[in-house]
Amino acid sequence: MTISAASESRLPTMKPASASRVHSRSHVLRRAALYVSLWIAFIWSVFPFYWMIATSLRTREDVFQRPPSLIPHTITIQNYIDLLVGAHFWRFAMNSLILTFSVTLISVLISVTAGYAMARHRFKGSVMLPLFMLYGQMFPPVLLLIPFYVQLRFLGWLDSLYGLIPVYLSYMLPLCVWLMRGFFSQVPHSLEDAARMDGCTRWQAFWKVILPMAQPGIVAVATWVMIHSWNEFLYASTFILSEKKRTLPLALSELIGQYTTDWGVLMAGGVLTAAPIVLVFFFLQKNLVAGVGGGAVKG
Amino acid sequence: MRKILKSGIVAATLSVAMGHSALADNIVMWVNSPLLAGPNAPLHQELKAFEAATGHTVEVQAVSHMEMERNLFVALSSGAGPDVMALDIAWVAGLADAGLLLDITEQTKPIAAEYQPGPFASGRYGQKQYALPLYTNNVALFVNDQMLEQAGIKKAPTTWAEFRDAAVAMTNKDKQTYGVSFGGSRMGAFQLYSYIWQNGGEIVDNQGKSRVSEPAAVEAVDFLAKLYTQNRAMPESVLTAGNWDEVHAPFIQERAGMVVTGDWALAAFAKGNPKLKFSVHPLPSGIQAATVIGGYDLAIKADTKFPKASFELIRWLTGPRSVELMRKYERLSATTAATTPEAVAALPKPLQPFMSQAATGRARPVIASWTQIHSDVFGNVWDSVIRGKPAKDAMSEADIAIKRLLEKK
Amino acid sequence: MDARTEAPLRLKRTWSSVFETGFGARIYPYFLVFPAVVIVLGVVVYPVISGILWSFYDVTLRKLVSGDVAFVGLRNFQRVFEDPAFLQASYNTLIWVVLNVIAQLGLGLALALLLHRAIPGIGFFRSGILVPWVVPSVVAVLTWRWMYDPSVGIVNELLVRLGVIDAYHPWLGDTATSLYAVTVESIWKGTPFVMLLLLAALQLVPRSILEAASMDGAPGWRKLWYVILPQIRVSFAIAAVLTFILTVNNFNAIWLMTEGGPLNSSEILFTLAYKYGFQRFDLGMASAVATMLFIGLVIATTLYLKLMQAREGD
């Protein structure tokens, strides 16, 4: 299921090793070309990330030095100190955390039963509903933006973190349900039947047997929601108006000021905003890749 | 378990209720972020003094200039938003016209004489007073002394012709130096106005009529645009610079010999390049001297729960104490007390030229749709003329656009 | 599979027993999907419908405050069409979408083929190449904006050193390059996801098929076209549709780099609608643009999926 494990062990190389024959020159050349292209792709992908970290560790003079040098002359953590002491970074991080946690919890709780029902039960709409969920992803946020604005205004929820929760659910929940349905259809039926034989009600069978089985899928979906809520910018920047309710991406964008843009500090903020996501990703890489790659494809 | 839950709920309800009663005289205030840079910003101490003197509490939040007008509009028109806000003087008309600001005409009548007339008028819209000036500023000419000398020019330019000559003289393609750093779009547009007035032109006159297609205005725009399109005396950043930092950058890096900017630049230069040797001069004059008045006002939201306390607060911050407060920020108080010779003499030296040219300051038109005229119409004018569009065409299109905006009521 | 009629052997009575028989059993699935359906109705369906309806009303922020909102038929659409910025934005959207989709699919496929090999160190490359996908989009965009800086940007410096350009160029400030400069960032950010989808699909291709093709000695591109691509066709279609939707809705990249400027040169319909709505506060015009965008999305996606189905039928 996971890409990395799979490829190392059982996947073929494109060109089966014809070990008996002497390796021709063209084979070596090809190998070299392969690694060169891999390195190019690697550098292309990683360079901006490197540049962000490098900038965040530079002194102010070094940041605006002309021409810029690829490697910082001196390394300083002053930008991080400025950010963590000066700006209300902690508050923004806390806001992001609260929001992300609430949205993740709600969408997982709700999508887990719905996904299960769609995978296991026949009912009116059991064919249409999942498809609709997939299409739900297609609605352009800009179309939803104005009705959301009008509704939040009507409810007096503008400029509040809880007002953002339903807004975030709008683009999280449909795909969550769709992905969950994919995971549940992979859990064998026999397990449920066995549980029912043991005297579980349908609900108990779901809760005690199926749910634990689907755990990797749930983790994948939860992580996916987490990452997207943490990163969300459009809705937050439209509906959050006062400083103390800003989320991290919003706070970052506001560091580009009218008078000064302190790129060193801004990039430090970028590193700190990206860090949790990058860490989560590399710990859960297996799950996630299978979840997003597999879940979406297999359906 | 139940018990704990219950007492928890009681505690939560209590704390919410208490929170509410504590909020009762809590004034929420938004100010532009430069005034709140760092935990030791002078404004914090000033607010403490206010709280101690009046018993009100103030919850202050920073909002960046770029987002502030939009955020104020959205927040205030949905009943949310701060009780007291700092706002760029150019926004007063728009917000007041939409009925979002509290009318303070009566309270301010007796104290009008305490403020400089220009900045005081910036808080007025349609015969009513909506705001009091927190600080005032205008733009002047900053010159890199060393680059000027190396270009063989003895003194800072005082006329348009000298200005152009100096800019051309300091431009050197091999060394990649330029005469004058300018902003793009809105930033550039902000700098156009001074030159239009200097040339005897008008933007929108007192009768509410657009005058931008008249030759005086067109000439001024043409003059500035050609500094880039013909003489290449502006660095390429003129195309992109969307904030003051980007406008200042070439000057800080000593790649541009001059920059037209305001007192806010002083702190940026000191931080960006402490060794920079520069001097500040009144803007070079055309037919007449003129500079654009800027600055921030303080206003109160129309449906605030604490109109009295809010007024006390804006009065406190803009009143006599503002001379001292603004001096700490190296900004100019808008009170008349700040114009006395002693007060001017007490100012840091680079600030004095701003004060001395304050009399030639002109306010941007006080019309509800000004923000749109500024950022859409003039932003576009400047963006297109530096990309080669004839100033005459750009300005006649602007004229039509402005007329349409003025009609739309 | 669901309607199990025989009674379970020994049923302990719990609250969930009500779902075992009769009416309870019938409503059980509805009970499970109910919360999701209610929320989706509330936060997706209702807003979409009201968003479309708003486009027929003359509604600005001020009129919303005063409650003076009038039905104006197609007047908003007419005003949108009269705005030259709309034409420019439509044209830009077309370029933006075509470039992004083609480049992301092409590069994504190439990367997937590159990484679909068991050679030493492949895990390292794979993790590295996924970095753009992992970095939060706001962070990525701001980083690129910094890299494009006209006076101290590393992009300029590298291009000068490589001899591509003679002097620093304001990539985001030149009307001729702004849209393309943002496109490069967007391709950088979007490609790894396409790669991931295609890689997952490639790994499901039976090795016997690939080996058979190799024995034939078919040249690489023919193998790609006749053997590999048909095998991953469905994933490819899904990747294409997703990339298309994500590109049309990619607001952050353009907004945080250029705000659609200079002179609307990088304006797409999304940012234009946003400007109408939240800078000019003309919610009616914004809804009109958003509605057109939505219809365009639905038509394009449906057409594409129909085409894929038709080819599958062949």
# chains A, B, ... in the order shown; residues from 1 in each chain; ligands from 1
>>> interface_residues(of="chain C", to="chain B", cutoff="9 Å", atoms="only C-alpha atoms", output="PyMOL selection string")
chain C and resi 61-62+64-65+149-151+168-175+258+261-263+278-281
>>> write_last_selection(atoms="C-alpha atoms", output="mmCIF file, in the first residue's frame")
data_model
loop_
_atom_site.group_PDB
_atom_site.id
_atom_site.type_symbol
_atom_site.label_atom_id
_atom_site.label_comp_id
_atom_site.auth_asym_id
_atom_site.auth_seq_id
_atom_site.Cartn_x
_atom_site.Cartn_y
_atom_site.Cartn_z
ATOM 1 C CA LEU C 61 -22.072 46.234 1.454
ATOM 2 C CA ARG C 62 -23.948 49.466 2.081
ATOM 3 C CA LEU C 64 -26.808 45.113 2.841
ATOM 4 C CA VAL C 65 -26.578 47.362 5.881
ATOM 5 C CA ASP C 149 12.634 40.332 -5.517
ATOM 6 C CA PRO C 150 13.756 42.754 -8.230
ATOM 7 C CA SER C 151 16.801 44.028 -6.378
ATOM 8 C CA TYR C 168 18.018 41.855 -12.885
ATOM 9 C CA HIS C 169 14.443 41.789 -14.077
ATOM 10 C CA PRO C 170 11.313 42.698 -12.074
ATOM 11 C CA TRP C 171 9.532 39.430 -12.883
ATOM 12 C CA LEU C 172 6.394 40.258 -10.930
ATOM 13 C CA GLY C 173 6.373 43.915 -11.958
ATOM 14 C CA ASP C 174 6.589 43.513 -15.694
ATOM 15 C CA THR C 175 3.163 43.151 -17.275
ATOM 16 C CA THR C 258 0.812 40.399 -7.379
ATOM 17 C CA GLY C 261 -1.454 43.412 -11.032
ATOM 18 C CA PRO C 262 0.289 45.273 -12.447
ATOM 19 C CA LEU C 263 -2.465 46.629 -14.671
ATOM 20 C CA PHE C 278 -14.097 42.583 -0.934
ATOM 21 C CA GLN C 279 -12.386 45.666 -2.258
ATOM 22 C CA ARG C 280 -15.238 47.378 -4.034
ATOM 23 C CA PHE C 281 -17.857 45.659 -1.882
#
>>> closest_atom_pairs(of="chain B", to="chain A", cutoff="9 Å", atoms="only C-alpha atoms", output="CSV")
residue,atom,partner,partner_atom,distance
B:Trp30,CA,A:Ser242,CA,8.0
B:Ser33,CA,A:Gly257,CA,8.5
B:Pro34,CA,A:Tyr259,CA,7.9
B:Ala37,CA,A:Gly86,CA,7.5
B:Gly38,CA,A:Gly86,CA,5.1
B:Pro39,CA,A:Gly86,CA,6.6
B:Gln61,CA,A:Glu243,CA,5.8
B:Ala62,CA,A:Glu243,CA,6.0
B:Val63,CA,A:Glu243,CA,6.2
B:Ser64,CA,A:Gly257,CA,6.3
B:His65,CA,A:Gln258,CA,6.0
B:Met66,CA,A:Gln258,CA,6.3
B:Glu67,CA,A:Glu254,CA,8.0
B:Met68,CA,A:Leu241,CA,8.5
B:Arg70,CA,A:Leu241,CA,8.9
B:Asn71,CA,A:Leu241,CA,5.3
B:Leu72,CA,A:Leu241,CA,7.8
B:Val74,CA,A:Leu241,CA,8.0
B:Ala75,CA,A:Leu241,CA,6.8
B:Ser77,CA,A:Arg153,CA,8.9
B:Ser78,CA,A:Arg153,CA,5.6
B:Gly79,CA,A:Gly156,CA,7.8
B:Ala80,CA,A:Leu158,CA,7.5
B:Gly81,CA,A:Ser242,CA,7.6
B:Pro82,CA,A:Ser242,CA,8.6
B:Gly242,CA,A:Gln258,CA,8.0
B:Asn243,CA,A:Gln258,CA,4.8
B:Trp244,CA,A:Tyr259,CA,4.7
B:Asp245,CA,A:Thr260,CA,4.5
B:Glu246,CA,A:Thr260,CA,7.9
B:His248,CA,A:Tyr259,CA,8.9
B:Ala249,CA,A:Phe64,CA,8.6
B:Gln253,CA,A:Phe64,CA,8.2
B:Trp264,CA,A:Tyr259,CA,7.6
B:Ala265,CA,A:Tyr259,CA,7.9
B:Ala268,CA,A:Thr260,CA,7.3
B:Gly272,CA,A:Glu61,CA,7.6
B:Asn273,CA,A:Glu61,CA,8.2
>>> residues_around(residues="range 178-182 of chain C", least_positions_apart="4", cutoff="12 Å", atoms="only C-alpha atoms", output="PyMOL selection string")
(chain B and resi 239-240) or (chain C and resi 88-89+91-100+140-145+147-149+155-156+169-174+186-189+247+250-268)
>>> closest_residue(among="A:Pro276, A:Pro140, A:Pro130, A:Gly182", to="chain C", atoms="only C-alpha atoms")
A:Pro140
>>> residues_around(residues="range 38-48 of chain A", least_positions_apart="4", cutoff="10 Å", atoms="only C-alpha atoms", output="ChimeraX atom specification")
/A:32-34,52-54 /C:107,111,114-115,122,124-133,140-141,143-144,146-147,154-155,185,188-189,191-192
>>> residues_around(residues="range 286-290 of chain C", least_positions_apart="3", cutoff="10 Å", atoms="only C-alpha atoms", output="PyMOL selection string")
(chain A and resi 139-147) or (chain C and resi 50-57+59-60+74-81+86+269-278+280-283+293-296)
>>> write_last_selection(atoms="C-alpha atoms", output="PDB file, in the first residue's frame")
ATOM      1  CA  PHE A 139     -17.538  24.526  -5.960  1.00  0.00           C
ATOM      2  CA  PRO A 140     -15.226  27.507  -6.263  1.00  0.00           C
ATOM      3  CA  PRO A 141     -14.621  29.026  -2.839  1.00  0.00           C
ATOM      4  CA  VAL A 142     -15.181  32.465  -4.291  1.00  0.00           C
ATOM      5  CA  LEU A 143     -18.796  31.508  -4.986  1.00  0.00           C
ATOM      6  CA  LEU A 144     -19.242  30.448  -1.382  1.00  0.00           C
ATOM      7  CA  LEU A 145     -17.406  33.446  -0.019  1.00  0.00           C
ATOM      8  CA  ILE A 146     -20.201  35.942  -0.403  1.00  0.00           C
ATOM      9  CA  PRO A 147     -23.041  33.813   0.972  1.00  0.00           C
TER      10      PRO A 147
ATOM     11  CA  SER C  50     -27.727  31.643  -2.556  1.00  0.00           C
ATOM     12  CA  GLY C  51     -24.425  32.632  -4.167  1.00  0.00           C
ATOM     13  CA  ILE C  52     -25.943  32.086  -7.576  1.00  0.00           C
ATOM     14  CA  LEU C  53     -29.075  33.985  -6.569  1.00  0.00           C
ATOM     15  CA  TRP C  54     -27.065  36.952  -5.291  1.00  0.00           C
ATOM     16  CA  SER C  55     -25.728  37.466  -8.777  1.00  0.00           C
ATOM     17  CA  PHE C  56     -29.181  38.672  -9.825  1.00  0.00           C
ATOM     18  CA  TYR C  57     -29.430  41.263  -7.088  1.00  0.00           C
ATOM     19  CA  VAL C  59     -26.265  44.220  -3.496  1.00  0.00           C
ATOM     20  CA  THR C  60     -23.356  46.155  -2.075  1.00  0.00           C
ATOM     21  CA  LEU C  74     -28.913  40.177 -15.603  1.00  0.00           C
ATOM     22  CA  ARG C  75     -27.724  43.697 -14.910  1.00  0.00           C
ATOM     23  CA  ASN C  76     -24.707  42.491 -12.888  1.00  0.00           C
ATOM     24  CA  PHE C  77     -23.583  40.270 -15.735  1.00  0.00           C
ATOM     25  CA  GLN C  78     -23.926  43.154 -18.140  1.00  0.00           C
ATOM     26  CA  ARG C  79     -21.778  45.368 -15.924  1.00  0.00           C
ATOM     27  CA  VAL C  80     -19.179  42.646 -15.646  1.00  0.00           C
ATOM     28  CA  PHE C  81     -18.989  42.279 -19.406  1.00  0.00           C
ATOM     29  CA  PHE C  86     -13.085  41.054 -17.085  1.00  0.00           C
ATOM     30  CA  LEU C 269     -11.426  35.469 -12.686  1.00  0.00           C
ATOM     31  CA  PHE C 270     -11.081  34.307  -9.105  1.00  0.00           C
ATOM     32  CA  THR C 271      -9.084  37.329  -8.002  1.00  0.00           C
ATOM     33  CA  LEU C 272     -11.302  39.639 -10.030  1.00  0.00           C
ATOM     34  CA  ALA C 273     -14.385  38.324  -8.258  1.00  0.00           C
ATOM     35  CA  TYR C 274     -12.608  38.752  -4.967  1.00  0.00           C
ATOM     36  CA  LYS C 275     -11.758  42.343  -5.802  1.00  0.00           C
ATOM     37  CA  TYR C 276     -15.327  43.124  -6.802  1.00  0.00           C
ATOM     38  CA  GLY C 277     -16.562  41.588  -3.589  1.00  0.00           C
ATOM     39  CA  PHE C 278     -14.097  42.583  -0.934  1.00  0.00           C
ATOM     40  CA  ARG C 280     -15.238  47.378  -4.034  1.00  0.00           C
ATOM     41  CA  PHE C 281     -17.857  45.659  -1.882  1.00  0.00           C
ATOM     42  CA  ASP C 282     -20.052  45.077  -4.907  1.00  0.00           C
ATOM     43  CA  LEU C 283     -21.290  41.661  -3.852  1.00  0.00           C
ATOM     44  CA  LEU C 293     -16.634  30.563 -13.016  1.00  0.00           C
ATOM     45  CA  PHE C 294     -18.684  27.845 -11.389  1.00  0.00           C
ATOM     46  CA  ILE C 295     -20.611  27.085 -14.562  1.00  0.00           C
ATOM     47  CA  GLY C 296     -17.356  26.971 -16.496  1.00  0.00           C
TER      48      GLY C 296
END
>>> residues_around(residues="Ala151 in chain B", least_positions_apart="3", cutoff="9 Å", atoms="only C-alpha atoms", output="ChimeraX atom specification")
/B:146-148,154,166,169-171
>>> atom_distance(atom1="CA of Gly200 in chain B", atom2="CA of Lys408 in chain B")
27.7 Å
>>> select_by_dssp(residues="range 68-264 of chain B", states="strand (DSSP E or B)", output="PyMOL selection string")
chain B and resi 84-88+101+115+124-125+128-129+131-138+140-144+159+172+177-181+204+210+256-261
>>> write_last_selection(atoms="C-alpha atoms", output="JSON list (two decimals), in the first residue's frame")
[["chain", "number", "residue", "atom", "x", "y", "z"],
["B", 84, "VAL", "CA", -12.03, 53.61, 18.47],
["B", 85, "MET", "CA", -9.90, 53.37, 15.37],
["B", 86, "ALA", "CA", -6.93, 55.07, 13.83],
["B", 87, "LEU", "CA", -7.54, 55.72, 10.17],
["B", 88, "ASP", "CA", -5.61, 57.22, 7.32],
["B", 101, "LEU", "CA", -18.46, 56.81, 12.11],
["B", 115, "TYR", "CA", -5.56, 71.63, 16.18],
["B", 124, "ARG", "CA", -14.55, 66.53, 8.44],
["B", 125, "TYR", "CA", -16.98, 65.28, 5.85],
["B", 128, "LYS", "CA", -19.68, 67.31, 10.12],
["B", 129, "GLN", "CA", -16.68, 66.34, 12.20],
["B", 131, "ALA", "CA", -12.37, 62.39, 13.55],
["B", 132, "LEU", "CA", -9.52, 64.16, 15.31],
["B", 133, "PRO", "CA", -5.99, 64.16, 13.93],
["B", 134, "LEU", "CA", -3.50, 61.88, 15.68],
["B", 135, "TYR", "CA", -0.48, 62.88, 13.66],
["B", 136, "THR", "CA", 0.21, 64.65, 10.44],
["B", 137, "ASN", "CA", 2.87, 64.28, 7.82],
["B", 138, "ASN", "CA", 3.85, 65.27, 4.32],
["B", 140, "ALA", "CA", 9.84, 65.78, 1.31],
["B", 141, "LEU", "CA", 12.93, 65.12, -0.74],
["B", 142, "PHE", "CA", 15.61, 62.85, 0.76],
["B", 143, "VAL", "CA", 19.02, 63.18, -0.84],
["B", 144, "ASN", "CA", 22.08, 60.98, -0.52],
["B", 159, "THR", "CA", 13.07, 73.27, -8.88],
["B", 172, "ASN", "CA", 24.94, 55.48, -14.00],
["B", 177, "THR", "CA", 22.86, 53.69, -9.72],
["B", 178, "TYR", "CA", 19.75, 55.73, -10.28],
["B", 179, "GLY", "CA", 18.55, 59.23, -9.62],
["B", 180, "VAL", "CA", 15.33, 58.75, -7.72],
["B", 181, "SER", "CA", 13.49, 55.78, -6.25],
["B", 204, "VAL", "CA", -11.05, 67.00, -8.02],
["B", 210, "SER", "CA", -12.67, 66.15, -12.07],
["B", 256, "ALA", "CA", 19.24, 55.62, -5.75],
["B", 257, "GLY", "CA", 20.38, 59.13, -4.89],
["B", 258, "MET", "CA", 16.98, 60.57, -4.01],
["B", 259, "VAL", "CA", 13.63, 59.46, -2.75],
["B", 260, "VAL", "CA", 10.39, 61.34, -2.13],
["B", 261, "THR", "CA", 8.95, 60.12, 1.13]]
>>> residues_around(residues="Thr335 in chain B", least_positions_apart="5", cutoff="8 Å", atoms="only C-alpha atoms", output="PyMOL selection string")
chain B and resi 114-116+318-320+322-323
>>> write_last_selection(atoms="C-alpha atoms", output="compact mmCIF listing (two decimals), in the first residue's frame")
# COMPACT_ATOMS: atom_id res chain seq x y z
CA GLU B 114 -6.22 73.41 19.46
CA TYR B 115 -5.56 71.63 16.18
CA GLN B 116 -3.79 72.72 13.04
CA THR B 318 -4.80 63.76 20.16
CA GLY B 319 -4.81 66.52 22.76
CA PRO B 320 -1.90 68.42 24.31
CA SER B 322 0.21 64.21 21.68
CA VAL B 323 3.18 66.57 21.21
>>> closest_residue(among="C:Arg233, C:Ser208, C:Phe23, C:Pro47", to="chain A", atoms="only C-alpha atoms")
C:Pro47
>>> select_by_dssp(residues="range 6-160 of chain A", states="helix (DSSP H, G or I)", output="PyMOL selection string")
chain A and resi 6-9+25-56+60-63+78-85+89-120+128-136+141-155
>>> atom_distance(atom1="CA of Ala225 in chain B", atom2="CA of Ala161 in chain B")
14.4 Å
